[in-house]
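S.K.: One structure coming up, written as structure tokens, with questions to follow.
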Amino acid sequence: MSQEGHFLDSAAGQMKSDVKEKKSRSRVGVIATGLLGGALVALYAVAAPFVAPALRKYCLPFVPATTAQVENVLRVLRARSGTLVDIGSGDGRIVIAAAKHGFQASGFELNPWLVWYSRYMAMREGVHHSTSFHISDLWKVSFAQYSNVVIFGVPQMMDQLELKLASELPGTAKVVACRFPFPTWVPEHSAGEGIDTVWVYDAKTFKTHLQHGMSRRTMRGAGPPQ
Ligand SMILES: C[S@@+](CC[C@H](N)C(=O)[O-])C[C@H]1O[C@@H](n2cnc3c(N)ncnc32)[C@H](O)[C@@H]1O
């Protein structure tokens, strides 16, 4: 083959390998973009439910109860039995601890990841038959069927929650508030101190107040916040 022929062959070969390299580089680019996009979507899917509570009317973030707090809840309910609900149940620690103490315990939680984690933990701890976890907005469900109610809320929501619980719960119910007490109800007693304090309220007492119109706030209604 002439020198010219060699030159043309090697040029063609070079062009072919250039095209191959470009193709494989663009494939790598597509895969990298796909992976990055997928990672961002996954990150958003995980993070969004944790950020969402901050954007609501009442910002109620995920702050798990301390061990002492959980112990105080169980201590003030030691003479009780039957159904229990933790409103905004987080990672399910109160529900699971209550189930271990004989309650039929439920949790209502906005964040699906926390609900799935709670179900997994209940299974691991062997209490899945006496627990249930619901992905629900606490303002859109009724707690009428529960005789023991636990809430670790924030001060801004407690007056609205007073109205909701007073209108829904049976007179035999007890309500336990963790860390932040209810603003107008008078507690029967409390346990613990500092951030681990819990207060216990008797439904007979706060429902009587509601019926007698002792709370000026009854005029505002107990519907879900906008
Ligand atoms: C302070 S944490 C308490 C968690 C749990 N009760 C505990 O004591 O470990 C409040 C929880 O309420 C949930 N939450 C916030 N807004 C809610 C809503 N509208 N309905 C149901 N759960 C809500 C949050 O995602 C968070 O997990």
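Just so we're on the same page: first chain in the structure tokens is A, next is B, and so on; residues restart at 1 for each chain, and ligands are numbered from 1 in the order they show up.
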Per residue of region 43-98 of chain A within 10 Å of region 131-150 of chain A, which atom pair is closest and at what distance in Å (one decimal), using only C-alpha atoms, listed by chain and increasing number, as a tab-separated table?
M.R.:
```
residue	atom	partner	partner_atom	distance
A:Val73	CA	A:Val150	CA	7.9
A:Leu77	CA	A:Asn148	CA	8.1
A:Arg80	CA	A:Asn148	CA	8.0
A:Ser81	CA	A:Asn148	CA	8.1
A:Gly82	CA	A:Ser147	CA	6.8
A:Thr83	CA	A:Tyr146	CA	5.3
A:Leu84	CA	A:Asn148	CA	4.5
A:Val85	CA	A:Val149	CA	5.0
A:Asp86	CA	A:Val150	CA	4.7
A:Ile87	CA	A:Val150	CA	6.2
A:Gly88	CA	A:Leu138	CA	6.9
A:Ser89	CA	A:Phe133	CA	8.2
A:Gly92	CA	A:Phe133	CA	8.0
A:Ile94	CA	A:Val150	CA	8.5
A:Val95	CA	A:Thr131	CA	7.0
A:Ile96	CA	A:Thr131	CA	7.1
A:Ala98	CA	A:Thr131	CA	9.1
```
S.K.: Could you go through region 9-110 of chain A and tell me which residues DSSP, when run on the backbone, assigns to strand (DSSP E), listing them as a ChimeraX atom specification?
M.R.: /A:83-87,104-109
S.K.: Store the residues of this selection in a file with N, CA and C atoms, as a short mmCIF file (atom, residue, chain, number, x, y, z; two decimals), in the first residue's frame.
M.R.:
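Contents of the output file selection13.cif:
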```cif
data_model
loop_
_atom_site.label_atom_id
_atom_site.label_comp_id
_atom_site.auth_asym_id
_atom_site.auth_seq_id
_atom_site.Cartn_x
_atom_site.Cartn_y
_atom_site.Cartn_z
N THR A 83 -57.13 1.69 75.07
CA THR A 83 -56.55 2.28 73.86
C THR A 83 -55.74 3.53 74.21
N LEU A 84 -54.71 3.75 73.42
CA LEU A 84 -53.85 4.94 73.60
C LEU A 84 -53.48 5.47 72.22
N VAL A 85 -53.44 6.78 72.10
CA VAL A 85 -52.98 7.37 70.85
C VAL A 85 -51.91 8.41 71.13
N ASP A 86 -50.85 8.38 70.32
CA ASP A 86 -49.85 9.45 70.36
C ASP A 86 -50.10 10.31 69.13
N ILE A 87 -50.43 11.59 69.36
CA ILE A 87 -50.77 12.51 68.27
C ILE A 87 -49.48 13.14 67.75
N GLN A 104 -53.32 -0.93 73.77
CA GLN A 104 -53.53 -1.09 72.34
C GLN A 104 -53.21 0.29 71.78
N ALA A 105 -52.04 0.46 71.21
CA ALA A 105 -51.53 1.81 70.97
C ALA A 105 -51.46 2.18 69.49
N SER A 106 -51.82 3.42 69.19
CA SER A 106 -51.80 3.92 67.80
C SER A 106 -51.04 5.23 67.71
N GLY A 107 -50.52 5.46 66.53
CA GLY A 107 -49.84 6.73 66.27
C GLY A 107 -50.38 7.37 65.01
N PHE A 108 -50.54 8.68 65.02
CA PHE A 108 -50.94 9.44 63.83
C PHE A 108 -49.80 10.39 63.52
N GLU A 109 -49.32 10.32 62.30
CA GLU A 109 -48.10 11.05 61.94
C GLU A 109 -48.18 11.47 60.47
#
```
S.K.: Looking only at alpha helix (DSSP H) from DSSP on the backbone, list the matching residues of region 75-217 of chain A as a ChimeraX atom specification.
M.R.: /A:75-76,93-100,112-124,155-168,203-211
S.K.: Write the residues of the preceding selection, restricted to N, CA and C atoms, as a CSV table (one decimal), in the first residue's frame.
M.R.:
```
chain,number,residue,atom,x,y,z
A,75,ARG,N,-45.4,6.4,83.5
A,75,ARG,CA,-45.6,6.5,85.0
A,75,ARG,C,-47.0,7.1,85.3
A,76,VAL,N,-47.4,8.2,84.6
A,76,VAL,CA,-48.7,8.8,84.9
A,76,VAL,C,-49.9,8.0,84.4
A,93,ARG,N,-41.8,5.9,69.2
A,93,ARG,CA,-41.2,5.4,70.5
A,93,ARG,C,-42.2,5.4,71.6
A,94,ILE,N,-43.2,6.3,71.7
A,94,ILE,CA,-44.2,6.3,72.8
A,94,ILE,C,-45.2,5.2,72.5
A,95,VAL,N,-45.6,5.1,71.3
A,95,VAL,CA,-46.6,4.0,70.9
A,95,VAL,C,-46.0,2.7,71.3
A,96,ILE,N,-44.8,2.4,70.9
A,96,ILE,CA,-44.1,1.1,71.1
A,96,ILE,C,-44.0,0.9,72.6
A,97,ALA,N,-43.5,1.9,73.3
A,97,ALA,CA,-43.3,1.7,74.8
A,97,ALA,C,-44.7,1.5,75.5
A,98,ALA,N,-45.7,2.2,75.0
A,98,ALA,CA,-47.1,2.0,75.6
A,98,ALA,C,-47.6,0.5,75.3
A,99,ALA,N,-47.3,0.1,74.1
A,99,ALA,CA,-47.8,-1.3,73.7
A,99,ALA,C,-47.1,-2.3,74.6
A,100,LYS,N,-45.8,-2.1,74.9
A,100,LYS,CA,-45.1,-3.0,75.8
A,100,LYS,C,-45.7,-3.0,77.2
A,112,PRO,N,-44.5,10.2,56.2
A,112,PRO,CA,-44.6,8.7,55.9
A,112,PRO,C,-43.3,8.0,56.3
A,113,TRP,N,-42.2,8.6,56.2
A,113,TRP,CA,-40.9,7.9,56.5
A,113,TRP,C,-41.0,7.5,58.0
A,114,LEU,N,-41.4,8.4,58.8
A,114,LEU,CA,-41.5,8.1,60.3
A,114,LEU,C,-42.5,7.0,60.5
A,115,VAL,N,-43.6,7.0,59.8
A,115,VAL,CA,-44.6,5.9,60.0
A,115,VAL,C,-44.0,4.6,59.6
A,116,TRP,N,-43.4,4.5,58.4
A,116,TRP,CA,-42.8,3.3,58.0
A,116,TRP,C,-41.7,2.8,59.0
A,117,TYR,N,-40.9,3.7,59.4
A,117,TYR,CA,-39.9,3.4,60.4
A,117,TYR,C,-40.6,2.8,61.7
A,118,SER,N,-41.6,3.5,62.1
A,118,SER,CA,-42.4,3.1,63.4
A,118,SER,C,-42.9,1.6,63.2
A,119,ARG,N,-43.5,1.4,62.0
A,119,ARG,CA,-44.0,0.0,61.8
A,119,ARG,C,-42.9,-1.0,61.8
A,120,TYR,N,-41.7,-0.7,61.3
A,120,TYR,CA,-40.6,-1.6,61.3
A,120,TYR,C,-40.1,-1.8,62.7
A,121,MET,N,-40.0,-0.7,63.5
A,121,MET,CA,-39.6,-0.9,64.9
A,121,MET,C,-40.6,-1.7,65.7
A,122,ALA,N,-41.9,-1.5,65.5
A,122,ALA,CA,-42.9,-2.2,66.2
A,122,ALA,C,-42.7,-3.7,65.9
A,123,MET,N,-42.5,-4.0,64.7
A,123,MET,CA,-42.2,-5.4,64.3
A,123,MET,C,-41.0,-6.0,65.0
A,124,ARG,N,-39.9,-5.2,64.9
A,124,ARG,CA,-38.7,-5.6,65.5
A,124,ARG,C,-38.8,-5.9,67.0
A,155,PRO,N,-46.4,25.1,71.9
A,155,PRO,CA,-47.4,26.0,72.6
A,155,PRO,C,-48.4,26.6,71.6
A,156,GLN,N,-48.0,27.0,70.4
A,156,GLN,CA,-48.9,27.7,69.4
A,156,GLN,C,-50.2,26.8,69.1
A,157,MET,N,-50.1,25.5,69.2
A,157,MET,CA,-51.2,24.7,68.7
A,157,MET,C,-52.1,24.2,69.9
A,158,MET,N,-51.7,24.5,71.1
A,158,MET,CA,-52.3,23.8,72.2
A,158,MET,C,-53.8,24.3,72.5
A,159,ASP,N,-54.0,25.6,72.2
A,159,ASP,CA,-55.4,26.1,72.5
A,159,ASP,C,-56.4,25.5,71.5
A,160,GLN,N,-56.0,25.4,70.2
A,160,GLN,CA,-56.8,24.7,69.2
A,160,GLN,C,-57.0,23.3,69.5
A,161,LEU,N,-56.0,22.6,70.0
A,161,LEU,CA,-56.1,21.2,70.3
A,161,LEU,C,-57.0,21.0,71.5
A,162,GLU,N,-57.0,21.9,72.5
A,162,GLU,CA,-57.9,21.8,73.7
A,162,GLU,C,-59.3,21.7,73.2
A,163,LEU,N,-59.7,22.5,72.2
A,163,LEU,CA,-61.1,22.5,71.7
A,163,LEU,C,-61.4,21.2,71.0
A,164,LYS,N,-60.5,20.8,70.2
A,164,LYS,CA,-60.7,19.6,69.4
A,164,LYS,C,-60.9,18.4,70.3
A,165,LEU,N,-60.0,18.2,71.3
A,165,LEU,CA,-60.0,17.1,72.2
A,165,LEU,C,-61.2,17.1,73.1
A,166,ALA,N,-61.5,18.3,73.6
A,166,ALA,CA,-62.7,18.5,74.5
A,166,ALA,C,-64.0,18.1,73.8
A,167,SER,N,-64.1,18.4,72.5
A,167,SER,CA,-65.3,18.1,71.8
A,167,SER,C,-65.4,16.6,71.3
A,168,GLU,N,-64.2,15.9,71.2
A,168,GLU,CA,-64.2,14.6,70.7
A,168,GLU,C,-64.1,13.4,71.7
A,203,ALA,N,-60.6,14.1,81.3
A,203,ALA,CA,-61.6,14.6,80.3
A,203,ALA,C,-62.9,15.1,81.0
A,204,LYS,N,-63.2,14.4,82.1
A,204,LYS,CA,-64.5,14.8,82.8
A,204,LYS,C,-64.4,16.3,83.1
A,205,THR,N,-63.2,16.7,83.6
A,205,THR,CA,-63.1,18.1,84.1
A,205,THR,C,-63.1,19.0,82.9
A,206,PHE,N,-62.3,18.7,81.9
A,206,PHE,CA,-62.2,19.8,80.8
A,206,PHE,C,-63.5,19.7,79.9
A,207,LYS,N,-64.2,18.6,79.9
A,207,LYS,CA,-65.4,18.6,79.1
A,207,LYS,C,-66.5,19.4,79.8
A,208,THR,N,-66.5,19.3,81.1
A,208,THR,CA,-67.5,20.1,81.9
A,208,THR,C,-67.3,21.6,81.6
A,209,HIS,N,-66.0,22.0,81.6
A,209,HIS,CA,-65.7,23.4,81.4
A,209,HIS,C,-66.2,23.8,80.0
A,210,LEU,N,-66.0,22.9,79.0
A,210,LEU,CA,-66.5,23.2,77.6
A,210,LEU,C,-68.0,23.3,77.6
A,211,GLN,N,-68.7,22.4,78.2
A,211,GLN,CA,-70.2,22.4,78.2
A,211,GLN,C,-70.7,23.7,78.9
```
S.K.: I need the residue nearest ligand 1 from this list: A:Pro187, A:Pro181, A:Pro49, A:Gly38. Use only C-alpha atoms and all ligand atoms for the distance.
M.R.: A:Pro49
S.K.: Expressed in Å to a single decimal, how great is the separation between CA of Leu169 (chain A) and CA of Val200 (chain A)?
M.R.: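 So the two atoms, CA of Leu169 (chain A) and CA of Val200 (chain A), lie 14.5 Å apart.
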S.K.: Rank A:Val175, A:Ala79, A:Leu74, A:Ala65 by their smallest atom-to-atom distance to ligand 1, using only C-alpha atoms and all ligand atoms, and report the top residue only.
M.R.: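 For ligand 1, the nearest of the given residues is A:Ala65.
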S.K.: In Å, rounded to a single decimal, give me how far CA of Gly194 (chain A) is from CA of Val70 (chain A).
M.R.: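 Going from CA of Val70 (chain A) over to CA of Gly194 (chain A) covers 13.8 Å.
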S.K.: What's the 9 Å shell around Thr66 (chain A), counting only C-alpha atoms, without same-chain residues fewer than 3 positions away, as a PDB file with N, CA and C atoms, in the first residue's frame?
M.R.:
```pdb
ATOM      1  N   GLN A  69     -38.843  11.392  79.373  1.00  0.00           N
ATOM      2  CA  GLN A  69     -40.190  11.829  78.976  1.00  0.00           C
ATOM      3  C   GLN A  69     -41.101  10.608  78.763  1.00  0.00           C
ATOM      4  N   VAL A  70     -40.581   9.625  78.032  1.00  0.00           N
ATOM      5  CA  VAL A  70     -41.360   8.400  77.771  1.00  0.00           C
ATOM      6  C   VAL A  70     -41.678   7.713  79.100  1.00  0.00           C
ATOM      7  N   GLU A  71     -40.681   7.644  79.991  1.00  0.00           N
ATOM      8  CA  GLU A  71     -40.903   7.001  81.297  1.00  0.00           C
ATOM      9  C   GLU A  71     -41.971   7.754  82.083  1.00  0.00           C
ATOM     10  N   ILE A 195     -37.579  19.891  80.770  1.00  0.00           N
ATOM     11  CA  ILE A 195     -38.131  19.520  79.456  1.00  0.00           C
ATOM     12  C   ILE A 195     -38.792  18.134  79.461  1.00  0.00           C
ATOM     13  N   ASP A 196     -38.578  17.384  80.536  1.00  0.00           N
ATOM     14  CA  ASP A 196     -39.172  16.037  80.600  1.00  0.00           C
ATOM     15  C   ASP A 196     -40.524  16.021  81.319  1.00  0.00           C
TER      16      ASP A 196
END
```
S.K.: May I ask which of the residues A:Lys57, A:Arg78, A:His189, A:Arg25 is the closest one to ligand 1, counting only C-alpha atoms and all ligand atoms?
M.R.: A:Lys57
S.K.: Could you check the closest approach to ligand 1 for each of A:Asp202, A:Glu21, A:Glu188, A:Asp91 and tell me which residue wins, using only C-alpha atoms and all ligand atoms?
M.R.: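 Closest candidate: A:Asp91.
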S.K.: Rounded to one decimal, what separation in Å do you get between atom 21 (C, counted along the ligand's line) of ligand 1 and CA of Ala48 (chain A)?
M.R.: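 Computed distance, atom 21 (C, counted along the ligand's line) of ligand 1 to CA of Ala48 (chain A), equals 14.6 Å.
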S.K.: For ligand 1, which residue among A:Lys20, A:His128, A:His101, A:Arg179 is the nearest when counting only C-alpha atoms and all ligand atoms?
M.R.: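 Going through A:Lys20, A:His128, A:His101, A:Arg179 one by one, the smallest distance to ligand 1 is for A:Arg179.
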S.K.: If you count only C-alpha atoms, which residues fall within 6 Å of Trp199 (chain A), apart from same-chain ones fewer than 5 positions away, as a list in words?
M.R.: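 Once the nearby chain positions are removed, what remains is Val176, Ala177, Pro187 and Ser190 of chain A.
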S.K.: Could the residues in this selection be saved with C-alpha atoms as a CSV table (one decimal), in the first residue's frame?
M.R.:
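The file below, result.csv, is the result:
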```
chain,number,residue,atom,x,y,z
A,176,VAL,CA,-51.0,13.6,78.7
A,177,ALA,CA,-49.2,16.7,77.5
A,187,PRO,CA,-53.9,19.3,85.2
A,190,SER,CA,-47.6,16.2,86.7
```
S.K.: Restricting the calculation to only C-alpha atoms and all ligand atoms: of A:Gly13, A:Gly90, A:Gly171, A:Gly192, which residue gets closest to ligand 1?
M.R.: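 Ranked by minimum distance to ligand 1, first place goes to A:Gly90.
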